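The structure appears right after this line, and notes come after that.
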Amino acid sequence: MFALVDGNNFYASCERVFDPGIRAKPVVVLSNNDGCAIARSAEAKALGIRMGHPIHLVPPPLRKQLVVRSANFTLYGDMSARVVSVLRDAAARVEVYSIDESFLDLSGIADPEAFSRGLRQRVHRWTGIPNCIGVAPTKTLAKLANKMAKAGAGVVVLDTLDQQARALEHFPVGDVWGVGRRWSEKLASLGIATAAQLRDAPTDLILERFGVVMTRTQRELQGQPCMALEEVEADRQQILVSRSFADRVEDHEAVAQAAATFAVRACEKLRRRGLVTSAVGVFAQTDAFRPELKQHNPTRMASLPSATSDSRVVLSAIRRLMIGMLRAGYGYKKAGVTLTDLAKPRDLQGDLFTAAIVGDDRLMATLDQINRKFGRGVAGLGASGWQVKPVWGMRQQMLSPCYTTCARDLPRALC
DNA sequence: TCTGGGGTCCTAGGACCC
DNA sequence: TCTGGGGTCCTAGGACCC
């Protein structure tokens, strides 16, 4: 049996843990640049705030009722780690599926229902994060059970075939894990509107029209596990760092500095995972929401002669790629850097003339150590520009404190 | 004024190989 | 008139996830 533990309205709940004054209020967390709603408390959902909806399209009278926050991923990441530590304490095998969801292996647990109720309370009490738990013999059914639990029960166990049949009967197929908007439309055109109808559809038809992925989903709905618990996170195949800018940027040097900053950040991620890259890419985009303006979305890629995790090597490749990439008189709104062809150093082999890996590991380790100790960006490379408030910076006007990761921001208890 | 960021997998088609 | 069989690699595009 699998259990799926899922934090309720996770980002909004994180904001509430250390700010009791907003616990009963409609809370909305915005994407980077304070653009769209990416998390809403139950109260905000009730007011009709939709997921992904641009906040500037919310009518002002409605907006005045909301507590609006900029995304504080440092806080959410740390709260997530706390939740996971409670889960690891409770179950032998845990798969951290996303920042707010984990699968647990419940095999050997005599009473999954009682276990889940206890765990749910414990996570809430120890971390402050309200959550729901769905339990079932496959991951897809556990996701489905979790969604049902959100309706109020808190814990839903789909143990017997009978329980599963009843759950699937009226469950919209578009809410099944792995069925997105496009496919639910296509399924509807075939007369498949519920999870039960997908479970019972001819497999040949599903395979022919949708491929093997949907066939797996179908089997999982039938109670046949096709997806295992993955305790060890697979190595990344790609690392991407990109940001939208608060304003359109015409200054090419500023865009280059943004790209340099992203490249350095991407290399930090690369090193933290113990990987090296041998292909880098860079892209820039103008403002797609202003079609009346001149548009230009260049993207460039290059293979490196040797793999590396050295920021300096990646950076100089990026700078070379960017020569002549941007056009004068265009306002760029977004840029990004990608690292691909990732590998573990031990899996690489050089040839007679080229080293498999280049770069200075000790220098980079020292750099990482300094930044970990004194804060990101304390030490780095000149190409990043080093502006306190760069013209390409993000808008984050309603950022909450980093209550749990920064001494300056520690909450104060008054007695 | 204002519209996120970061991933994965699968498939089809073309180039190329022997 | 008729033109093999088997394979790999790469890319682009489309779908999905949180």
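Identifiers in the structure tokens: chain A, B, ... in order shown; residue index from 1 per chain; ligand index from 1 in order shown.
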Where in stretch 101-321 of chain A does DSSP assign helix (DSSP H, G or I), given as a short mmCIF file (atom, residue, chain, number, x, y, z; two decimals) with N, CA and C atoms, in the first residue's frame?
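Saved result, states-v4.cif, follows:
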```cif
data_model
loop_
_atom_site.label_atom_id
_atom_site.label_comp_id
_atom_site.auth_asym_id
_atom_site.auth_seq_id
_atom_site.Cartn_x
_atom_site.Cartn_y
_atom_site.Cartn_z
N PRO A 112 -3.70 0.79 8.29
CA PRO A 112 -3.28 2.00 7.57
C PRO A 112 -4.11 3.22 7.95
N GLU A 113 -5.38 2.99 8.22
CA GLU A 113 -6.27 4.11 8.55
C GLU A 113 -5.83 4.78 9.85
N ALA A 114 -5.64 3.98 10.90
CA ALA A 114 -5.22 4.53 12.20
C ALA A 114 -3.83 5.16 12.09
N PHE A 115 -2.95 4.47 11.36
CA PHE A 115 -1.59 4.99 11.17
C PHE A 115 -1.64 6.38 10.52
N SER A 116 -2.46 6.49 9.48
CA SER A 116 -2.53 7.74 8.72
C SER A 116 -3.14 8.86 9.56
N ARG A 117 -4.14 8.53 10.34
CA ARG A 117 -4.76 9.57 11.19
C ARG A 117 -3.73 10.10 12.19
N GLY A 118 -2.97 9.19 12.77
CA GLY A 118 -1.94 9.60 13.74
C GLY A 118 -0.88 10.46 13.08
N LEU A 119 -0.44 10.01 11.91
CA LEU A 119 0.62 10.73 11.20
C LEU A 119 0.17 12.12 10.78
N ARG A 120 -1.05 12.19 10.32
CA ARG A 120 -1.59 13.47 9.86
C ARG A 120 -1.57 14.50 10.99
N GLN A 121 -2.01 14.05 12.15
CA GLN A 121 -2.01 14.94 13.31
C GLN A 121 -0.61 15.35 13.71
N ARG A 122 0.29 14.35 13.68
CA ARG A 122 1.65 14.61 14.12
C ARG A 122 2.32 15.63 13.21
N VAL A 123 2.16 15.49 11.89
CA VAL A 123 2.75 16.45 10.95
C VAL A 123 2.20 17.85 11.25
N HIS A 124 0.91 17.93 11.49
CA HIS A 124 0.30 19.23 11.76
C HIS A 124 0.84 19.83 13.05
N ARG A 125 0.89 18.99 14.09
CA ARG A 125 1.30 19.51 15.39
C ARG A 125 2.78 19.88 15.40
N TRP A 126 3.60 19.08 14.77
CA TRP A 126 5.04 19.31 14.87
C TRP A 126 5.57 20.34 13.88
N THR A 127 4.87 20.56 12.78
CA THR A 127 5.38 21.52 11.79
C THR A 127 4.44 22.70 11.57
N LYS A 139 0.06 4.17 -6.77
CA LYS A 139 0.29 5.60 -6.59
C LYS A 139 -0.85 6.43 -7.16
N THR A 140 -1.34 6.03 -8.34
CA THR A 140 -2.42 6.79 -8.97
C THR A 140 -3.68 6.77 -8.10
N LEU A 141 -3.97 5.62 -7.53
CA LEU A 141 -5.14 5.55 -6.65
C LEU A 141 -4.90 6.30 -5.34
N ALA A 142 -3.65 6.30 -4.86
CA ALA A 142 -3.35 7.05 -3.64
C ALA A 142 -3.52 8.55 -3.89
N LYS A 143 -3.11 9.02 -5.08
CA LYS A 143 -3.32 10.43 -5.45
C LYS A 143 -4.82 10.74 -5.44
N LEU A 144 -5.56 9.82 -6.02
CA LEU A 144 -7.01 10.00 -6.11
C LEU A 144 -7.63 10.01 -4.71
N ALA A 145 -7.18 9.11 -3.86
CA ALA A 145 -7.69 9.06 -2.48
C ALA A 145 -7.35 10.36 -1.76
N ASN A 146 -6.15 10.88 -2.03
CA ASN A 146 -5.74 12.12 -1.39
C ASN A 146 -6.65 13.27 -1.80
N LYS A 147 -6.98 13.30 -3.09
CA LYS A 147 -7.86 14.36 -3.57
C LYS A 147 -9.22 14.26 -2.88
N MET A 148 -9.69 13.04 -2.68
CA MET A 148 -10.97 12.85 -1.97
C MET A 148 -10.84 13.31 -0.52
N ALA A 149 -9.67 13.02 0.09
CA ALA A 149 -9.46 13.40 1.50
C ALA A 149 -9.54 14.90 1.68
N LEU A 161 -11.55 -3.54 -3.26
CA LEU A 161 -11.99 -3.28 -4.63
C LEU A 161 -13.30 -2.51 -4.64
N ASP A 162 -14.11 -2.82 -3.65
CA ASP A 162 -15.41 -2.17 -3.54
C ASP A 162 -15.27 -0.67 -3.27
N GLN A 163 -14.38 -0.34 -2.34
CA GLN A 163 -14.13 1.08 -2.05
C GLN A 163 -13.59 1.78 -3.29
N GLN A 164 -12.68 1.10 -4.00
CA GLN A 164 -12.08 1.71 -5.18
C GLN A 164 -13.14 1.95 -6.25
N ALA A 165 -14.00 0.96 -6.44
CA ALA A 165 -15.04 1.09 -7.47
C ALA A 165 -15.94 2.28 -7.16
N ARG A 166 -16.31 2.42 -5.90
CA ARG A 166 -17.19 3.53 -5.53
C ARG A 166 -16.50 4.87 -5.72
N ALA A 167 -15.20 4.91 -5.40
CA ALA A 167 -14.46 6.17 -5.53
C ALA A 167 -14.33 6.60 -6.98
N LEU A 168 -14.10 5.61 -7.87
CA LEU A 168 -13.85 5.94 -9.28
C LEU A 168 -15.12 6.30 -10.05
N GLU A 169 -16.25 5.86 -9.54
CA GLU A 169 -17.48 5.95 -10.30
C GLU A 169 -17.81 7.39 -10.73
N VAL A 173 -12.42 12.31 -14.89
CA VAL A 173 -11.19 11.74 -15.44
C VAL A 173 -10.08 12.78 -15.51
N GLY A 174 -10.47 14.04 -15.69
CA GLY A 174 -9.47 15.11 -15.77
C GLY A 174 -8.73 15.35 -14.46
N ASP A 175 -9.29 14.83 -13.35
CA ASP A 175 -8.63 14.99 -12.06
C ASP A 175 -7.70 13.82 -11.73
N ARG A 181 -5.28 18.60 -19.27
CA ARG A 181 -6.42 19.22 -19.95
C ARG A 181 -6.64 18.65 -21.35
N ARG A 182 -5.52 18.56 -22.12
CA ARG A 182 -5.64 18.09 -23.49
C ARG A 182 -6.23 16.69 -23.57
N TRP A 183 -5.68 15.82 -22.74
CA TRP A 183 -6.10 14.43 -22.80
C TRP A 183 -7.50 14.23 -22.26
N SER A 184 -7.89 15.03 -21.27
CA SER A 184 -9.25 14.84 -20.76
C SER A 184 -10.26 15.29 -21.82
N GLU A 185 -9.88 16.30 -22.63
CA GLU A 185 -10.77 16.69 -23.74
C GLU A 185 -10.88 15.55 -24.76
N LYS A 186 -9.73 14.98 -25.07
CA LYS A 186 -9.70 13.90 -26.06
C LYS A 186 -10.47 12.68 -25.55
N LEU A 187 -10.32 12.38 -24.25
CA LEU A 187 -11.05 11.26 -23.65
C LEU A 187 -12.55 11.53 -23.70
N ALA A 188 -12.92 12.79 -23.41
CA ALA A 188 -14.34 13.14 -23.41
C ALA A 188 -14.96 12.89 -24.79
N SER A 189 -14.16 13.18 -25.85
CA SER A 189 -14.68 12.97 -27.20
C SER A 189 -14.88 11.49 -27.50
N ALA A 195 -13.20 8.40 -14.01
CA ALA A 195 -12.08 7.50 -13.78
C ALA A 195 -12.50 6.05 -14.02
N ALA A 196 -13.74 5.72 -13.64
CA ALA A 196 -14.23 4.36 -13.83
C ALA A 196 -14.30 4.01 -15.32
N GLN A 197 -14.72 4.98 -16.15
CA GLN A 197 -14.80 4.73 -17.59
C GLN A 197 -13.42 4.55 -18.21
N LEU A 198 -12.44 5.29 -17.69
CA LEU A 198 -11.07 5.10 -18.18
C LEU A 198 -10.56 3.71 -17.77
N ARG A 199 -10.84 3.34 -16.52
CA ARG A 199 -10.41 2.03 -16.03
C ARG A 199 -10.96 0.91 -16.92
N ASP A 200 -12.21 1.07 -17.41
CA ASP A 200 -12.88 0.01 -18.13
C ASP A 200 -12.75 0.11 -19.65
N THR A 203 -8.12 -1.46 -23.66
CA THR A 203 -6.71 -1.08 -23.56
C THR A 203 -6.09 -0.78 -24.93
N ASP A 204 -6.50 -1.53 -25.96
CA ASP A 204 -5.97 -1.30 -27.32
C ASP A 204 -6.24 0.14 -27.75
N LEU A 205 -7.46 0.57 -27.48
CA LEU A 205 -7.86 1.91 -27.86
C LEU A 205 -7.00 2.96 -27.14
N ILE A 206 -6.83 2.77 -25.84
CA ILE A 206 -6.05 3.71 -25.03
C ILE A 206 -4.60 3.73 -25.53
N LEU A 207 -4.05 2.56 -25.80
CA LEU A 207 -2.66 2.48 -26.27
C LEU A 207 -2.51 3.16 -27.62
N GLU A 208 -3.46 2.91 -28.52
CA GLU A 208 -3.38 3.47 -29.86
C GLU A 208 -3.53 4.99 -29.86
N ARG A 209 -4.48 5.49 -29.09
CA ARG A 209 -4.75 6.92 -29.12
C ARG A 209 -3.86 7.74 -28.20
N PHE A 210 -3.37 7.14 -27.12
CA PHE A 210 -2.67 7.94 -26.10
C PHE A 210 -1.26 7.45 -25.77
N VAL A 212 1.78 4.63 -24.27
CA VAL A 212 1.99 3.74 -23.12
C VAL A 212 1.76 4.43 -21.77
N VAL A 213 1.95 5.77 -21.76
CA VAL A 213 1.84 6.47 -20.47
C VAL A 213 0.43 6.33 -19.91
N MET A 214 -0.55 6.57 -20.79
CA MET A 214 -1.94 6.50 -20.35
C MET A 214 -2.34 5.06 -20.03
N THR A 215 -1.73 4.11 -20.74
CA THR A 215 -2.02 2.71 -20.45
C THR A 215 -1.59 2.34 -19.04
N ARG A 216 -0.47 2.91 -18.65
CA ARG A 216 0.00 2.69 -17.26
C ARG A 216 -1.01 3.26 -16.27
N THR A 217 -1.46 4.48 -16.57
CA THR A 217 -2.45 5.10 -15.68
C THR A 217 -3.69 4.21 -15.56
N GLN A 218 -4.11 3.67 -16.71
CA GLN A 218 -5.29 2.80 -16.70
C GLN A 218 -5.07 1.60 -15.79
N ARG A 219 -3.93 0.96 -15.94
CA ARG A 219 -3.65 -0.20 -15.10
C ARG A 219 -3.61 0.16 -13.62
N GLU A 220 -3.03 1.31 -13.33
CA GLU A 220 -2.97 1.73 -11.93
C GLU A 220 -4.37 1.95 -11.38
N LEU A 221 -5.27 2.44 -12.23
CA LEU A 221 -6.65 2.62 -11.78
C LEU A 221 -7.30 1.27 -11.51
N HIS A 252 21.90 45.66 -23.41
CA HIS A 252 22.43 44.31 -23.63
C HIS A 252 23.36 43.86 -22.51
N GLU A 253 24.13 44.81 -21.97
CA GLU A 253 25.06 44.43 -20.90
C GLU A 253 24.27 43.97 -19.67
N ALA A 254 23.12 44.60 -19.43
CA ALA A 254 22.31 44.20 -18.27
C ALA A 254 21.76 42.78 -18.47
N VAL A 255 21.32 42.47 -19.68
CA VAL A 255 20.82 41.12 -19.95
C VAL A 255 21.96 40.12 -19.80
N ALA A 256 23.15 40.50 -20.27
CA ALA A 256 24.31 39.62 -20.15
C ALA A 256 24.66 39.37 -18.68
N GLN A 257 24.51 40.40 -17.86
CA GLN A 257 24.78 40.24 -16.43
C GLN A 257 23.76 39.32 -15.78
N ALA A 258 22.51 39.44 -16.23
CA ALA A 258 21.46 38.55 -15.72
C ALA A 258 21.82 37.11 -16.09
N ALA A 259 22.18 36.89 -17.35
CA ALA A 259 22.53 35.54 -17.80
C ALA A 259 23.73 35.01 -17.02
N ALA A 260 24.70 35.88 -16.74
CA ALA A 260 25.88 35.46 -15.97
C ALA A 260 25.46 35.04 -14.57
N THR A 261 24.56 35.79 -13.97
CA THR A 261 24.08 35.44 -12.63
C THR A 261 23.37 34.08 -12.65
N PHE A 262 22.57 33.85 -13.70
CA PHE A 262 21.85 32.57 -13.80
C PHE A 262 22.83 31.43 -14.02
N ALA A 263 23.88 31.69 -14.82
CA ALA A 263 24.87 30.66 -15.10
C ALA A 263 25.59 30.25 -13.81
N VAL A 264 25.94 31.24 -13.00
CA VAL A 264 26.63 30.97 -11.74
C VAL A 264 25.71 30.15 -10.82
N ARG A 265 24.44 30.55 -10.78
CA ARG A 265 23.46 29.85 -9.95
C ARG A 265 23.28 28.40 -10.44
N ALA A 266 23.22 28.24 -11.76
CA ALA A 266 23.05 26.90 -12.34
C ALA A 266 24.24 26.01 -11.97
N CYS A 267 25.43 26.58 -11.99
CA CYS A 267 26.62 25.80 -11.64
C CYS A 267 26.62 25.42 -10.17
N GLU A 268 26.09 26.29 -9.32
CA GLU A 268 25.97 25.94 -7.89
C GLU A 268 25.06 24.74 -7.72
N LYS A 269 23.94 24.76 -8.44
CA LYS A 269 23.01 23.62 -8.37
C LYS A 269 23.70 22.36 -8.87
N LEU A 270 24.45 22.52 -9.95
CA LEU A 270 25.16 21.40 -10.57
C LEU A 270 26.12 20.76 -9.56
N ARG A 271 26.90 21.60 -8.89
CA ARG A 271 27.90 21.10 -7.94
C ARG A 271 27.24 20.47 -6.72
N ARG A 272 26.13 21.06 -6.29
CA ARG A 272 25.46 20.50 -5.12
C ARG A 272 24.98 19.07 -5.40
N SER A 311 32.23 27.31 -12.61
CA SER A 311 31.42 28.45 -13.06
C SER A 311 32.14 29.28 -14.11
N ARG A 312 33.46 29.38 -13.99
CA ARG A 312 34.20 30.25 -14.92
C ARG A 312 34.16 29.69 -16.34
N VAL A 313 34.27 28.37 -16.45
CA VAL A 313 34.25 27.75 -17.77
C VAL A 313 32.87 27.93 -18.42
N VAL A 314 31.83 27.67 -17.63
CA VAL A 314 30.46 27.80 -18.14
C VAL A 314 30.19 29.26 -18.51
N LEU A 315 30.62 30.13 -17.63
CA LEU A 315 30.37 31.55 -17.84
C LEU A 315 31.01 32.05 -19.14
N SER A 316 32.23 31.66 -19.39
CA SER A 316 32.87 32.19 -20.60
C SER A 316 32.20 31.59 -21.84
N ALA A 317 31.71 30.36 -21.74
CA ALA A 317 30.96 29.79 -22.87
C ALA A 317 29.68 30.58 -23.12
N ILE A 318 29.00 30.92 -22.03
CA ILE A 318 27.75 31.69 -22.15
C ILE A 318 28.03 33.07 -22.76
N ARG A 319 29.08 33.71 -22.28
CA ARG A 319 29.41 35.05 -22.80
C ARG A 319 29.72 34.98 -24.30
N ARG A 320 30.43 33.92 -24.70
CA ARG A 320 30.73 33.77 -26.14
C ARG A 320 29.45 33.57 -26.94
N LEU A 321 28.57 32.72 -26.41
CA LEU A 321 27.31 32.46 -27.11
C LEU A 321 26.48 33.74 -27.30
#
```
Taking only C-alpha atoms (C1' of nucleotides) into account, report as a PDB file with N, CA, C and O atoms, in the first residue's frame which residues of chain A lie within 8 Å of chain B.
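This went into selection_14.pdb:
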```
ATOM      1  N   SER A  31       3.537  34.259  -7.749  1.00  0.00           N
ATOM      2  CA  SER A  31       4.722  33.759  -8.437  1.00  0.00           C
ATOM      3  C   SER A  31       5.822  34.821  -8.367  1.00  0.00           C
ATOM      4  O   SER A  31       5.582  35.949  -7.952  1.00  0.00           O
ATOM      5  N   ASN A  32       7.028  34.458  -8.817  1.00  0.00           N
ATOM      6  CA  ASN A  32       8.103  35.440  -8.918  1.00  0.00           C
ATOM      7  C   ASN A  32       7.606  36.653  -9.679  1.00  0.00           C
ATOM      8  O   ASN A  32       6.792  36.528 -10.590  1.00  0.00           O
ATOM      9  N   ASN A  33       8.116  37.829  -9.322  1.00  0.00           N
ATOM     10  CA  ASN A  33       7.676  39.085  -9.921  1.00  0.00           C
ATOM     11  C   ASN A  33       6.261  39.463  -9.511  1.00  0.00           C
ATOM     12  O   ASN A  33       5.646  40.322 -10.121  1.00  0.00           O
ATOM     13  N   GLY A  35       3.444  38.097  -9.975  1.00  0.00           N
ATOM     14  CA  GLY A  35       2.557  38.036 -11.133  1.00  0.00           C
ATOM     15  C   GLY A  35       1.255  37.297 -10.892  1.00  0.00           C
ATOM     16  O   GLY A  35       0.185  37.903 -10.798  1.00  0.00           O
ATOM     17  N   CYS A  36       1.343  35.969 -10.776  1.00  0.00           N
ATOM     18  CA  CYS A  36       0.136  35.139 -10.714  1.00  0.00           C
ATOM     19  C   CYS A  36      -0.032  34.511  -9.340  1.00  0.00           C
ATOM     20  O   CYS A  36       0.938  34.323  -8.610  1.00  0.00           O
ATOM     21  N   PRO A  54      -3.505  35.940 -13.037  1.00  0.00           N
ATOM     22  CA  PRO A  54      -2.732  37.162 -12.789  1.00  0.00           C
ATOM     23  C   PRO A  54      -3.434  38.030 -11.751  1.00  0.00           C
ATOM     24  O   PRO A  54      -4.619  38.309 -11.881  1.00  0.00           O
ATOM     25  N   ILE A  55      -2.660  38.434 -10.744  1.00  0.00           N
ATOM     26  CA  ILE A  55      -3.273  39.154  -9.624  1.00  0.00           C
ATOM     27  C   ILE A  55      -3.783  40.524 -10.059  1.00  0.00           C
ATOM     28  O   ILE A  55      -4.752  41.047  -9.510  1.00  0.00           O
ATOM     29  N   HIS A  56      -3.166  41.110 -11.106  1.00  0.00           N
ATOM     30  CA  HIS A  56      -3.606  42.450 -11.505  1.00  0.00           C
ATOM     31  C   HIS A  56      -4.956  42.414 -12.209  1.00  0.00           C
ATOM     32  O   HIS A  56      -5.555  43.454 -12.452  1.00  0.00           O
ATOM     33  N   GLY A 211      -0.932   6.239 -26.181  1.00  0.00           N
ATOM     34  CA  GLY A 211       0.416   5.750 -25.898  1.00  0.00           C
ATOM     35  C   GLY A 211       0.540   5.017 -24.574  1.00  0.00           C
ATOM     36  O   GLY A 211      -0.441   4.846 -23.844  1.00  0.00           O
ATOM     37  N   VAL A 213       1.950   5.767 -21.757  1.00  0.00           N
ATOM     38  CA  VAL A 213       1.841   6.466 -20.471  1.00  0.00           C
ATOM     39  C   VAL A 213       0.426   6.333 -19.910  1.00  0.00           C
ATOM     40  O   VAL A 213       0.223   5.997 -18.746  1.00  0.00           O
ATOM     41  N   LEU A 240      18.051  24.187 -15.318  1.00  0.00           N
ATOM     42  CA  LEU A 240      17.617  25.420 -15.969  1.00  0.00           C
ATOM     43  C   LEU A 240      17.440  26.502 -14.914  1.00  0.00           C
ATOM     44  O   LEU A 240      16.803  26.265 -13.893  1.00  0.00           O
ATOM     45  N   VAL A 241      18.036  27.650 -15.149  1.00  0.00           N
ATOM     46  CA  VAL A 241      17.776  28.794 -14.272  1.00  0.00           C
ATOM     47  C   VAL A 241      17.305  29.948 -15.150  1.00  0.00           C
ATOM     48  O   VAL A 241      18.037  30.374 -16.059  1.00  0.00           O
ATOM     49  N   SER A 242      16.109  30.407 -14.925  1.00  0.00           N
ATOM     50  CA  SER A 242      15.596  31.512 -15.729  1.00  0.00           C
ATOM     51  C   SER A 242      14.722  32.409 -14.866  1.00  0.00           C
ATOM     52  O   SER A 242      14.212  31.983 -13.837  1.00  0.00           O
ATOM     53  N   ARG A 243      14.589  33.628 -15.278  1.00  0.00           N
ATOM     54  CA  ARG A 243      13.737  34.578 -14.565  1.00  0.00           C
ATOM     55  C   ARG A 243      13.110  35.547 -15.565  1.00  0.00           C
ATOM     56  O   ARG A 243      13.727  35.902 -16.568  1.00  0.00           O
ATOM     57  N   SER A 244      11.908  35.980 -15.230  1.00  0.00           N
ATOM     58  CA  SER A 244      11.338  37.138 -15.914  1.00  0.00           C
ATOM     59  C   SER A 244      11.854  38.372 -15.190  1.00  0.00           C
ATOM     60  O   SER A 244      12.057  38.339 -13.982  1.00  0.00           O
ATOM     61  N   PHE A 289       3.550  39.243 -23.818  1.00  0.00           N
ATOM     62  CA  PHE A 289       2.227  39.777 -23.501  1.00  0.00           C
ATOM     63  C   PHE A 289       1.977  41.126 -24.169  1.00  0.00           C
ATOM     64  O   PHE A 289       0.938  41.733 -23.976  1.00  0.00           O
TER      65      PHE A 289
END
```
| request: Assign secondary structure with DSSP using the backbone only, and return the residues of stretch 224-392 of chain A in strand (DSSP E or B) as an NGL selection string. | output: :A and (239-249 or 276-286 or 299-308 or 332-340 or 343 or 357-358)
| Residues near A:Leu62, cut-off 12 Å, only C-alpha atoms (C1' of nucleotides), skip fewer than 3 positions along chain, as a ChimeraX atom specification | /A:26,44,46-49,55-59,65-68
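Rounded to one decimal, atom CA of A:Asp341 and atom CA of A:Met364 lie 20.1 Å from each other.
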